[in-house]
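Take a look at the structure set out below.
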Number of protein chains: 6
Amino acid sequence: MKILIINPNTSDEMTRAIGEAAQRYARQDTEIETVRPDFGPRSLENAVEVAVATHATVQKVMERRGQQDAVVIACGGDPGLYAVRQLLEEPVIGIGEAAYHFACMLGYKFSILIPLADPTAERLVSSHGLVHRLASIRVVDIPVLELESDLEVTKQRLIAEGRRAVHEDGAEVLCLGCAGMALMDKAVEEAVGVPVLDGTVCAVKMAEGMYDYGLKTSKVAAFKRPDSKEYVGCSDLYDNV
Amino acid sequence: MKILIINPNTSDEMTRAIGEAAQRYARQDTEIETVRPDFGPRSLENAVEVAVATHATVQKVMERRGQQDAVVIACGGDPGLYAVRQLLEEPVIGIGEAAYHFACMLGYKFSILIPLADPTAERLVSSHGLVHRLASIRVVDIPVLELESDLEVTKQRLIAEGRRAVHEDGAEVLCLGCAGMALMDKAVEEAVGVPVLDGTVCAVKMAEGMYDYGLKTSKVAAFKRPDSKEYVGCSDLYDNV
Amino acid sequence: MKILIINPNTSDEMTRAIGEAAQRYARQDTEIETVRPDFGPRSLENAVEVAVATHATVQKVMERRGQQDAVVIACGGDPGLYAVRQLLEEPVIGIGEAAYHFACMLGYKFSILIPLADPTAERLVSSHGLVHRLASIRVVDIPVLELESDLEVTKQRLIAEGRRAVHEDGAEVLCLGCAGMALMDKAVEEAVGVPVLDGTVCAVKMAEGMYDYGLKTSKVAAFKRPDSKEYVGCSDLYDNV
Amino acid sequence: MKILIINPNTSDEMTRAIGEAAQRYARQDTEIETVRPDFGPRSLENAVEVAVATHATVQKVMERRGQQDAVVIACGGDPGLYAVRQLLEEPVIGIGEAAYHFACMLGYKFSILIPLADPTAERLVSSHGLVHRLASIRVVDIPVLELESDLEVTKQRLIAEGRRAVHEDGAEVLCLGCAGMALMDKAVEEAVGVPVLDGTVCAVKMAEGMYDYGLKTSKVAAFKRPDSKEYVGCSDLYDNV
Amino acid sequence: MKILIINPNTSDEMTRAIGEAAQRYARQDTEIETVRPDFGPRSLENAVEVAVATHATVQKVMERRGQQDAVVIACGGDPGLYAVRQLLEEPVIGIGEAAYHFACMLGYKFSILIPLADPTAERLVSSHGLVHRLASIRVVDIPVLELESDLEVTKQRLIAEGRRAVHEDGAEVLCLGCAGMALMDKAVEEAVGVPVLDGTVCAVKMAEGMYDYGLKTSKVAAFKRPDSKEYVGCSDLYDNV
Amino acid sequence: MKILIINPNTSDEMTRAIGEAAQRYARQDTEIETVRPDFGPRSLENAVEVAVATHATVQKVMERRGQQDAVVIACGGDPGLYAVRQLLEEPVIGIGEAAYHFACMLGYKFSILIPLADPTAERLVSSHGLVHRLASIRVVDIPVLELESDLEVTKQRLIAEGRRAVHEDGAEVLCLGCAGMALMDKAVEEAVGVPVLDGTVCAVKMAEGMYDYGLKTSKVAAFKRPDSKEYVGCSDLYDNV
């Protein structure tokens with residue numbers, strides 16, 4: 001099968017790391033392609049950046065319609081997830097939700113480790129309807145683009161906050177809340193002693209399972225395919241929807 | 001004071017009607033300017049259209065920074081509300097939330113009348129934290145751009161669904177859930193016998209009250225001003241944030 | 001327009017301060033009259049005092065029926081709000097709810113500063129259906145009637161607890177939870193750096209907006225006008241309802 | 001032991017029926033005294049009547065302080081429950097809550113049968129924290145004071161709505177939601193085939209159990225005894241609290 | 001009346017203490033019999049032990065069908081409560097739920113004191129639909145079977161955690177969360193100054209009250225009597241259900 | 001990898017069908033073994049049967065410890081899930097939860113089709129923390145053991161209730177709520193037009209994904225391995241835990 005991973009951040013470094021993490025755990029017969037939008041902020045840390053990146057992500061996905069069996073949105077905040085899911089027939093999985101759903105079957109309560117303090121993180125879990133399973137959201141206090149600049153520091157901060165999540169908040173599983181934390185999962189898992197989930201890997205495994213089972217996105221309500229609509233002052237990209 | 005109303009839909013007819021509704025109830029010393037984004041779909045009826053419109057709305061607001069005392073986002077789904085609120089110091093009010101908050105003080109339960117069936121409407125109320133006050137969401141089954149094509153039909157559908165909301169669902173107040181229903185409020189109110197709220201008017205009155213009281217948007221957490229960030233492949237519009 | 005503000009507490013000092021706060025931000029064409037009930041406790045700090053004051057407030061409002069365009073109940077706990085709303089056609093606004101609704105549009109989470117520890121405060125917010133927006137309730141630990149005895153101490157306590165609400169609890173807006181804190185809003189706002197809301201002012205601005213928009217209380221369910229009823233052993237005050 | 005039952009309604013007929021129901025199931029060594037306030041509406045059907053009755057109930061209870069081992073507030077809406085509980089050391093039980101708590105141990109979901117449509121009934125259950133156990137609130141559509149005027153009609157309406165609660169709403173237990181339905185329990189139970197609870201009886205049995213176990217009301221937070229307070233323009237009844 | 005108390009733990013010492021606590025507060029005309037299952041773990045501290053004990057409890061109850069007027073399940077986690085309630089006509093009461101329901105009428109928030117840290121305790125309260133009334137769950141950190149080995153240590157730990165529950169968590173009533181804490185109630189109550197509830201006593205008083213009122217378990221939905229069913233490889237104990 | 005599927009029902013026919021469904025979608029390198037407990041009811045339709053089956057399931061799993069890479073509990077009610085998860089290191093997945101988690105990524109709201117009316121079904125979803133995603137629970141009204149007796153009837157009933165779930169309740173995905181509905185998924189999917197999930201298949205795909213990613217059950221809190229404990233009157237099966 002073929003999975004298209006789109007990183008809504010435009011950072012090439014992050015996009016490469018995401019692809020590497022996905023490849024590491026994908027099945028041999030799974031082809032992974034990792035892309036980023038053509039425009040937008042290098043990282044997503046507020047609602048303004050998310051607004052631009054969501055548009056750019058949708059546009060990128062439109063270019064690639066019909067070329068893959070599943071799509072993964074590789075940003076912890078699942079930006080554009082519902083829009084992309086409306087556009088496509090194949091399964092579309094956000095790495096945030098994928099990690100949470102796996103976490104729910106490996107322990108009762110999970111925590112999320114995020115780069116910077118962000119009051120919207122809890123609302124994301126709530127909008128996915130999973131707030132009863134959330135132990136806490138812990139902040140490592142490193143901006144997204146600096147997560148990769150000193151990997152050792154990032155790892156130590158993830159371990160420190162992960163331990164607090166487990167010992168103070170009752171977390172049983174840790175979700176890495178940002179695609180920029182890719183490849184850190186096993187080191188943190190070994191240090192903290194609980195399962196640590198990179199959402200990109202979880203989403204790839206979910207996609208493979210759904211593909212095997214012949215599943216597609218439901219098209220009857222929330223993710224019904226949009227009708228055509230007149231656009232003003234912008235490309236007719238969408239007029240073939 | 002000066003209020004900028006931005007209609008995230010690019011329909012000029014709708015933008016004009018919104019401006020007219022706002023003017024009708026604004027105070028004499030309130031200057032209203034109503035604009036639409038430079039690009040995007042003529043109406044917003046799914047997550048894809050919202051994705052594009054949110055980007056376009058943010059961009060339009062950036063052009064107009066520092067020129068008004070309050071901003072109103074004139075679409076029932078409050079698209080881009082949190083992004084725009086992050087960018088500005090002055091109050092930024094969505095017409096969805098404004099109607100709900102007024103409704104909560106005129107009755108205990110309110111219903112929302114929306115153009116087409118849309119499973120995300122309830123999630124909007126929930127994300128505003130007001131779900132305990134919602135009686136129902138009722139669908140008039142007319143696409144946004146057709147709401148104005150036969151005003152009499154639209155009015156009769158609003159009245160019919162409004163009555164069902166009151167008599168079957170326990171609604172005490174009705175919120176017109178789409179800016180395209182502007183100017184219908186009093187006719188529906190008279191027919192159904194409960195307060196009927198056009199969010200645009202509610203938002204204008206909220207903005208006037210906040211201005212008199214000297215209030216600004218809180219900048220400490222959810223709506224903190226974004227730091228500058230490198231953008232790839234798109235205009236440097238945001239680099240002066 | 002004419003707004004009747006009723007302070008359910010019988011303290012004349014507090015009633016005067018409430019009137020002064022309201023006047024400070026009312027529009028020039030708004031006439032404010034501030035009254036207190038004829039009987040009852042000087043301040044409301046438990047359910048027994050609220051029971052007496054609610055009766056007294058309802059009785060006072062009945063004397064004044066038909067003489068104003070809106071009524072404001074000026075006690076942070078909104079005592080008698082639903083009873084008074086049932087009795088009248090014009091908008092009736094509690095200063096508790098008014099502050100919370102304004103707060104919801106200036107930040108995502110708000111805290112309330114209250115005089116003394118009171119486990120019912122959280123239930124009030126919950127009964128208004130706004131509990132998802134509440135960051136915390138912070139206690140300044142000064143009885144209501146002493147709030148005005150040393151204004152500097154009160155202000156410093158409000159600032160100290162307000163800062164804790166912002167820095168420890170995630171509050172973005174502060175609501176002064178007692179009418180006895182009137183006139184402290186701007187000093188606390190300047191010191192803490194987030195919007196600080198005096199519910200009396202918020203209620204006056206809400207009332208002005210509703211009046212401009214021609215809105216009345218919904219009379220179909222929760223706030224339906226009571227039918228006449230035989231009373232035993234007490235004045236026939238209500239028999240003309 | 002001695003139980004004081006206070007009926008917040010001033011109807012003497014209803015007060016007598018309540019006393020009769022209580023006696024029917026009280027233990028032989030339990031002395032029941034049933035009283036009504038000295039003033040107030042004959043029945044409670046809206047927030048205005050509740051406001052007066054709550055004051056009157058508190059005042060009546062104050063006259064009787066120290067003369068009984070438990071107090072029962074005999075109105076389905078539990079008016080004044082928290083105020084009276086603050087004033088006394090002995091257990092104070094509302095007939096609404098007593099019925100709900102018994103119901104929770106005899107089935108999983110219960111319904112409440114109430115006289116007239118009243119949107120506040122659901123909020124009562126919610127304020128008691130029991131909303132997850134509520135199947136429905138069903139209206140028999142007979143004003144409180146008419147419940148006793150044609151007992152056969154009342155019984156048939158209770159049976160009809162009780163059956164609907166069981167068969168359409170999933171109720172397993174029925175709570176009679178008004179003290180005016182006293183003495184109807186067993187007839188409805190026999191006809192509908194599920195347990196039917198008269199809250200007055202439930203409260204008496206709870207009170208007997210608490211007395212045997214030596215339990216008193218907790219005085220540390222919600223029901224702390226009020227400090228003395230200056231009252232204006234009304235009797236000094238409370239100054240000895 | 002006759003009450004059968006079944007202790008799902010097979011510890012004879014604990015069973016004796018439970019019986020003694022029940023006798024201490026039962027009415028003179030109440031006959032108490034206390035039994036334990038024929039097989040299973042001596043104490044219940046995880047889901048595996050609960051699985052075995054639930055089976056054993058159900059089997060024991062089946063042997064005793066038709067011989068009592070009420071059954072009490074004497075383990076704080078209410079194991080097998082719903083299964084036993086399905087099997088019998090008479091009231092079946094869990095000591096966990098009994099304590100919580102009494103607690104709700106003696107204060108607003110209650111805490112539970114449990115032997116060892118157990119993340120499922122909160123889910124129990126939630127499954128009973130009472131989570132809004134829970135202040136906290138506090139751990140005394142003594143395994144169930146050691147609770148009785150040094151009674152003074154157990155009492156001091158209960159008092160210490162009970163005080164924390166009251167002063168730090170806002171508890172107004174304490175529930176002893178394990179049948180192994182039997183007979184400690186009054187000593188803790190005296191030391192901490194709030195009502196302390198032994199669920200076994202609460203359940204006995206509930207059972208007496210239900211018996212007096214002629215109440216039986218509802219048989220229409222959740223606790224409908226099971227139809228006969230073929231069992232494989234185990235005794236035909238149930239074939240007469 | 002090797003997956004042990006345990007069907008808590010003792011029906012051999014159902015166990016065979018479960019195994020066939022699992023094999024149909026398992027990867028070629030996945031070895032599936034499907035077993036049933038040595039004792040217990042042929043199907044699980046009430047809390048009594050679940051009590052026995054849970055014990056039996058735990059006992060069966062203990063015999064097979066250390067022989068597989070993942071365990072699937074193949075009953076829609078996930079009986080014994082938490083107990084088995086405590087006992088083992090490898091992932092343990094319930095077919096109920098597996099279906100719900102997949103459903104959450106293919107649509108926003110899902111419904112569950114169950115054999116007979118059962119008020120505990122909703123509580124299961126709630127205990128998994130997923131109640132906000134549930135559209136409805138629909139009953140096909142065929143006892144578990146008869147589901148396979150007339151496959152055509154069962155399929156038509158599943159299709160009929162599935163359509164109602166989609167058109168009346170807003171379901172976007174259907175979960176087959178009983179392992180006895182195995183192999184019906186694709187026929188119902190084709191007829192109703194939304195994804196239809198057999199939890200056994202979902203659980204197998206989840207298990208394969210977790211295995212590839214090297215994940216194990218978290219052992220720090222809810223699913224900590226039980227310490228040894230003295231058992232009375234039953235086999236020492238557990239003493240080697």
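Labels used: A, B, ... for chains in the order of the structure tokens, numbers from 1 for residues in each chain, and numbers from 1 for ligands as shown.
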
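For C:Gly214, the list of residues within 10 Å, based on only C-alpha atoms and with local chain neighbours fewer than 5 positions off taken out, reads Tyr25, Lys186 and Pro195 of chain B; Glu90, Pro91, Glu208 and Gly209 of chain C.
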
So that I can check the secondary structure, give me every residue of stretch 23-81 of chain C assigned alpha helix (DSSP H) by backbone DSSP, as a PyMOL selection string. chain C and resi 23-25+47-63+81

Would you export the selected residues with all heavy atoms as a short mmCIF file (atom, residue, chain, number, x, y, z; two decimals), in the first residue's frame, please?
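So the final result, stored in selection-v3.cif, reads:
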data_model
loop_
_atom_site.label_atom_id
_atom_site.label_comp_id
_atom_site.auth_asym_id
_atom_site.auth_seq_id
_atom_site.Cartn_x
_atom_site.Cartn_y
_atom_site.Cartn_z
N GLN C 23 -22.68 54.42 36.99
CA GLN C 23 -22.71 55.75 36.37
C GLN C 23 -21.44 56.03 35.58
O GLN C 23 -21.46 56.65 34.52
CB GLN C 23 -22.82 56.85 37.45
CG GLN C 23 -24.16 56.91 38.15
CD GLN C 23 -25.30 57.42 37.27
OE1 GLN C 23 -25.09 57.73 36.10
NE2 GLN C 23 -26.50 57.44 37.82
N ARG C 24 -20.32 55.58 36.13
CA ARG C 24 -19.02 55.88 35.52
C ARG C 24 -18.94 55.40 34.08
O ARG C 24 -18.27 56.03 33.25
CB ARG C 24 -17.94 55.21 36.36
CG ARG C 24 -16.56 55.70 36.08
CD ARG C 24 -15.54 55.14 37.06
NE ARG C 24 -15.66 55.74 38.40
CZ ARG C 24 -14.84 55.45 39.41
NH1 ARG C 24 -13.87 54.54 39.23
NH2 ARG C 24 -14.99 56.04 40.56
N TYR C 25 -19.57 54.28 33.77
CA TYR C 25 -19.44 53.72 32.43
C TYR C 25 -20.74 53.70 31.63
O TYR C 25 -20.75 53.26 30.49
CB TYR C 25 -18.86 52.30 32.52
CG TYR C 25 -17.45 52.28 33.06
CD1 TYR C 25 -17.18 51.90 34.37
CD2 TYR C 25 -16.39 52.69 32.26
CE1 TYR C 25 -15.90 51.89 34.87
CE2 TYR C 25 -15.09 52.69 32.75
CZ TYR C 25 -14.86 52.29 34.06
OH TYR C 25 -13.58 52.30 34.54
N ALA C 47 -26.41 30.61 52.66
CA ALA C 47 -27.71 30.31 52.06
C ALA C 47 -28.88 30.89 52.86
O ALA C 47 -29.93 31.19 52.29
CB ALA C 47 -27.88 28.78 51.92
N VAL C 48 -28.70 31.06 54.16
CA VAL C 48 -29.77 31.63 54.99
C VAL C 48 -29.96 33.10 54.61
O VAL C 48 -31.10 33.55 54.39
CB VAL C 48 -29.41 31.50 56.49
CG1 VAL C 48 -30.49 32.17 57.34
CG2 VAL C 48 -29.23 30.04 56.87
N GLU C 49 -28.87 33.84 54.52
CA GLU C 49 -28.98 35.25 54.15
C GLU C 49 -29.52 35.41 52.73
O GLU C 49 -30.31 36.31 52.45
CB GLU C 49 -27.61 35.92 54.31
CG GLU C 49 -27.23 36.05 55.79
CD GLU C 49 -25.75 36.25 56.06
OE1 GLU C 49 -24.96 36.34 55.10
OE2 GLU C 49 -25.37 36.28 57.25
N VAL C 50 -29.10 34.52 51.86
CA VAL C 50 -29.61 34.57 50.48
C VAL C 50 -31.12 34.31 50.46
O VAL C 50 -31.86 34.93 49.70
CB VAL C 50 -28.85 33.57 49.59
CG1 VAL C 50 -29.57 33.37 48.26
CG2 VAL C 50 -27.42 34.05 49.35
N ALA C 51 -31.60 33.39 51.32
CA ALA C 51 -33.03 33.07 51.36
C ALA C 51 -33.84 34.32 51.70
O ALA C 51 -34.85 34.62 51.05
CB ALA C 51 -33.29 31.96 52.38
N VAL C 52 -33.41 35.07 52.72
CA VAL C 52 -34.14 36.27 53.11
C VAL C 52 -34.02 37.34 52.03
O VAL C 52 -35.00 37.97 51.63
CB VAL C 52 -33.62 36.80 54.46
CG1 VAL C 52 -34.40 38.05 54.87
CG2 VAL C 52 -33.71 35.72 55.54
N ALA C 53 -32.81 37.54 51.54
CA ALA C 53 -32.57 38.60 50.56
C ALA C 53 -33.31 38.35 49.25
O ALA C 53 -33.75 39.30 48.58
CB ALA C 53 -31.07 38.74 50.29
N THR C 54 -33.44 37.10 48.87
CA THR C 54 -34.15 36.80 47.62
C THR C 54 -35.61 37.22 47.73
O THR C 54 -36.16 37.86 46.83
CB THR C 54 -34.02 35.30 47.28
OG1 THR C 54 -32.64 35.00 47.16
CG2 THR C 54 -34.74 34.96 46.00
N HIS C 55 -36.23 36.88 48.85
CA HIS C 55 -37.61 37.31 49.09
C HIS C 55 -37.69 38.84 49.04
O HIS C 55 -38.55 39.42 48.35
CB HIS C 55 -38.08 36.78 50.45
CG HIS C 55 -39.49 37.16 50.79
ND1 HIS C 55 -40.02 36.97 52.04
CD2 HIS C 55 -40.48 37.72 50.05
CE1 HIS C 55 -41.28 37.40 52.05
NE2 HIS C 55 -41.59 37.85 50.87
N ALA C 56 -36.78 39.49 49.74
CA ALA C 56 -36.82 40.96 49.82
C ALA C 56 -36.57 41.60 48.46
O ALA C 56 -37.17 42.63 48.13
CB ALA C 56 -35.77 41.42 50.83
N THR C 57 -35.71 41.00 47.68
CA THR C 57 -35.41 41.54 46.35
C THR C 57 -36.62 41.43 45.43
O THR C 57 -36.97 42.38 44.71
CB THR C 57 -34.20 40.78 45.74
OG1 THR C 57 -33.07 41.02 46.58
CG2 THR C 57 -33.90 41.24 44.33
N VAL C 58 -37.26 40.28 45.46
CA VAL C 58 -38.45 40.09 44.64
C VAL C 58 -39.52 41.11 45.03
O VAL C 58 -40.16 41.73 44.18
CB VAL C 58 -38.98 38.64 44.81
CG1 VAL C 58 -40.36 38.49 44.19
CG2 VAL C 58 -38.00 37.65 44.20
N GLN C 59 -39.69 41.31 46.33
CA GLN C 59 -40.71 42.25 46.81
C GLN C 59 -40.41 43.68 46.33
O GLN C 59 -41.30 44.40 45.88
CB GLN C 59 -40.77 42.17 48.32
CG GLN C 59 -41.97 42.85 48.91
CD GLN C 59 -42.24 42.37 50.34
OE1 GLN C 59 -42.19 41.16 50.64
NE2 GLN C 59 -42.52 43.31 51.21
N LYS C 60 -39.13 44.05 46.42
CA LYS C 60 -38.75 45.41 46.00
C LYS C 60 -39.00 45.59 44.51
O LYS C 60 -39.50 46.65 44.06
CB LYS C 60 -37.25 45.62 46.30
CG LYS C 60 -36.78 47.05 46.12
CD LYS C 60 -37.31 47.90 47.25
CE LYS C 60 -37.07 49.38 47.07
NZ LYS C 60 -37.71 50.13 48.19
N VAL C 61 -38.63 44.60 43.73
CA VAL C 61 -38.81 44.70 42.28
C VAL C 61 -40.29 44.86 41.94
O VAL C 61 -40.66 45.61 41.04
CB VAL C 61 -38.20 43.47 41.58
CG1 VAL C 61 -38.70 43.35 40.15
CG2 VAL C 61 -36.68 43.56 41.60
N MET C 62 -41.15 44.15 42.68
CA MET C 62 -42.59 44.22 42.41
C MET C 62 -43.11 45.65 42.58
O MET C 62 -43.97 46.11 41.82
CB MET C 62 -43.36 43.29 43.34
CG MET C 62 -43.27 41.84 42.95
SD MET C 62 -43.82 41.56 41.24
CE MET C 62 -45.57 41.95 41.42
N GLU C 63 -42.59 46.37 43.58
CA GLU C 63 -42.99 47.77 43.79
C GLU C 63 -42.65 48.64 42.58
O GLU C 63 -43.27 49.65 42.34
CB GLU C 63 -42.22 48.38 44.97
CG GLU C 63 -42.61 47.90 46.33
CD GLU C 63 -41.63 48.48 47.35
OE1 GLU C 63 -41.14 49.61 47.13
OE2 GLU C 63 -41.34 47.77 48.32
N LEU C 81 -32.32 36.06 40.60
CA LEU C 81 -32.29 36.38 39.17
C LEU C 81 -33.44 35.72 38.41
O LEU C 81 -34.14 36.38 37.64
CB LEU C 81 -30.94 35.95 38.59
CG LEU C 81 -30.77 36.12 37.08
CD1 LEU C 81 -30.88 37.58 36.67
CD2 LEU C 81 -29.41 35.55 36.64
#

Excluding stretch 220-225 of chain B and its own-chain neighbours fewer than 6 positions away, which residues fall within 9 Å of it when counting only C-alpha atoms? Please give them as a PDB file with C-alpha atoms, in the first residue's frame.
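What landed in part-v4.pdb:
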ATOM      1  CA  ASN A  46      -0.436  29.471  17.401  1.00  0.00           C
ATOM      2  CA  ALA A  47      -3.811  29.819  15.720  1.00  0.00           C
ATOM      3  CA  ALA A 117       2.627  26.091  26.807  1.00  0.00           C
ATOM      4  CA  ASP A 118      -0.527  26.092  24.694  1.00  0.00           C
ATOM      5  CA  PRO A 119      -3.984  26.331  26.188  1.00  0.00           C
ATOM      6  CA  THR A 120      -5.542  24.843  23.058  1.00  0.00           C
TER       7      THR A 120
ATOM      8  CA  TYR B  82      -9.056  32.679  17.808  1.00  0.00           C
ATOM      9  CA  ALA B  83      -6.395  33.490  15.186  1.00  0.00           C
ATOM     10  CA  VAL B  84      -7.621  37.053  14.738  1.00  0.00           C
ATOM     11  CA  ARG B  85      -7.933  37.483  18.481  1.00  0.00           C
ATOM     12  CA  GLN B  86      -4.284  36.491  18.836  1.00  0.00           C
ATOM     13  CA  LEU B  87      -3.230  39.106  16.286  1.00  0.00           C
ATOM     14  CA  LEU B  88      -5.042  42.121  17.740  1.00  0.00           C
ATOM     15  CA  GLU B  89      -5.222  44.090  20.972  1.00  0.00           C
ATOM     16  CA  VAL B 241       3.447  40.650  13.669  1.00  0.00           C
TER      17      VAL B 241
ATOM     18  CA  LEU C 106     -11.948  38.529  26.087  1.00  0.00           C
ATOM     19  CA  GLY C 107     -10.065  35.330  26.963  1.00  0.00           C
ATOM     20  CA  TYR C 108     -10.691  31.608  27.073  1.00  0.00           C
ATOM     21  CA  LYS C 109     -10.595  30.950  30.826  1.00  0.00           C
ATOM     22  CA  VAL C 166      -3.355  34.113  36.156  1.00  0.00           C
ATOM     23  CA  GLY C 170      -4.426  29.788  33.797  1.00  0.00           C
ATOM     24  CA  ALA C 171      -6.940  32.621  34.130  1.00  0.00           C
ATOM     25  CA  GLU C 172      -6.955  35.155  31.291  1.00  0.00           C
ATOM     26  CA  GLY C 193      -2.199  42.902  33.288  1.00  0.00           C
ATOM     27  CA  VAL C 194      -5.399  41.116  32.274  1.00  0.00           C
TER      28      VAL C 194
END

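Counting only C-alpha atoms, the residue from C:Ile137, C:Ile3, C:Leu44, C:Leu151 that sits nearest to C:Gln67 is C:Ile3.
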
As a PyMOL selection string, please: every residue in stretch 66-110 of chain A that a backbone DSSP assignment puts in strand (DSSP E). chain A and resi 70-73+92-94+110

Restricting the output to all heavy atoms, write the selected residues as a short mmCIF file (atom, residue, chain, number, x, y, z; two decimals), in the first residue's frame.
data_model
loop_
_atom_site.label_atom_id
_atom_site.label_comp_id
_atom_site.auth_asym_id
_atom_site.auth_seq_id
_atom_site.Cartn_x
_atom_site.Cartn_y
_atom_site.Cartn_z
N ALA A 70 -3.83 5.90 1.79
CA ALA A 70 -4.15 6.51 3.08
C ALA A 70 -3.32 7.78 3.19
O ALA A 70 -2.25 7.88 2.58
CB ALA A 70 -3.84 5.58 4.24
N VAL A 71 -3.82 8.74 3.98
CA VAL A 71 -3.08 9.98 4.21
C VAL A 71 -2.91 10.17 5.70
O VAL A 71 -3.83 9.92 6.48
CB VAL A 71 -3.85 11.18 3.59
CG1 VAL A 71 -3.24 12.51 4.04
CG2 VAL A 71 -3.84 11.09 2.07
N VAL A 72 -1.72 10.60 6.10
CA VAL A 72 -1.43 10.91 7.50
C VAL A 72 -1.10 12.40 7.59
O VAL A 72 -0.27 12.90 6.83
CB VAL A 72 -0.25 10.06 8.02
CG1 VAL A 72 0.23 10.56 9.38
CG2 VAL A 72 -0.65 8.59 8.09
N ILE A 73 -1.78 13.10 8.50
CA ILE A 73 -1.48 14.51 8.76
C ILE A 73 -0.50 14.54 9.93
O ILE A 73 -0.88 14.22 11.06
CB ILE A 73 -2.75 15.31 9.15
CG1 ILE A 73 -3.90 15.06 8.17
CG2 ILE A 73 -2.43 16.78 9.34
CD1 ILE A 73 -3.87 15.88 6.93
N VAL A 92 -7.95 8.98 6.40
CA VAL A 92 -7.09 10.13 6.71
C VAL A 92 -6.93 10.16 8.22
O VAL A 92 -7.92 10.21 8.95
CB VAL A 92 -7.72 11.45 6.21
CG1 VAL A 92 -6.84 12.63 6.59
CG2 VAL A 92 -7.97 11.40 4.71
N ILE A 93 -5.69 10.11 8.69
CA ILE A 93 -5.44 9.93 10.12
C ILE A 93 -4.53 11.04 10.62
O ILE A 93 -3.50 11.33 10.02
CB ILE A 93 -4.79 8.55 10.37
CG1 ILE A 93 -5.70 7.45 9.81
CG2 ILE A 93 -4.53 8.32 11.85
CD1 ILE A 93 -5.07 6.08 9.80
N GLY A 94 -4.92 11.65 11.73
CA GLY A 94 -4.07 12.65 12.36
C GLY A 94 -3.15 11.98 13.35
O GLY A 94 -3.55 11.03 14.02
N PHE A 110 -3.46 8.76 29.73
CA PHE A 110 -2.24 9.15 29.02
C PHE A 110 -1.97 10.64 29.21
O PHE A 110 -2.88 11.42 29.50
CB PHE A 110 -2.34 8.80 27.52
CG PHE A 110 -3.41 9.54 26.77
CD1 PHE A 110 -3.16 10.79 26.19
CD2 PHE A 110 -4.67 8.99 26.62
CE1 PHE A 110 -4.16 11.46 25.48
CE2 PHE A 110 -5.68 9.66 25.92
CZ PHE A 110 -5.42 10.90 25.35
#

When you draw a straight line from atom CA of A:Ala17 to atom CA of A:Asp150, how long is it in Å? 14.3 Å

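The space separating atom CA of D:Gly66 from atom CA of D:Leu4 comes to 10.7 Å.
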
Residues within 12 Å of F:Ser136, only C-alpha atoms, excluding chain neighbours under 5 positions, as JSON, numbers by chain: {"F": [109, 110, 111, 112, 113, 114, 121, 122, 125, 131, 161, 162, 163, 164, 165, 166, 167, 168, 169, 170, 171, 172, 173, 174, 175, 177]}

In Å to one decimal, how far is atom CA of A:Ala98 from atom CA of A:Cys202? 5.5 Å

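Near C:Arg27, within a cut-off of 12 Å and counting only C-alpha atoms, sit the residues Arg27, Asp29, Glu208, Gly209, Tyr211, Asp212 and Tyr213 of chain B; Met1, Lys2, Ile3, Ala22, Ile32, Val201, Val204, Lys205, Met206, Ala207, Glu208, Gly209 and Asp212 of chain C, with same-chain residues fewer than 5 positions away left out.
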
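Distances to chain B were evaluated for F:Leu145, F:Gly180, F:Val196, F:His132 using only C-alpha atoms, and the minimum falls at F:His132.
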
Do a neighbour search on D:Asn9 at 12 Å with only C-alpha atoms, toss out local chain neighbours closer than 2 positions, and write the hits as a PyMOL selection string. (chain C and resi 229-233) or (chain D and resi 5-7+11-16+18+34-45+49-57+73-80+144-145+178-180)
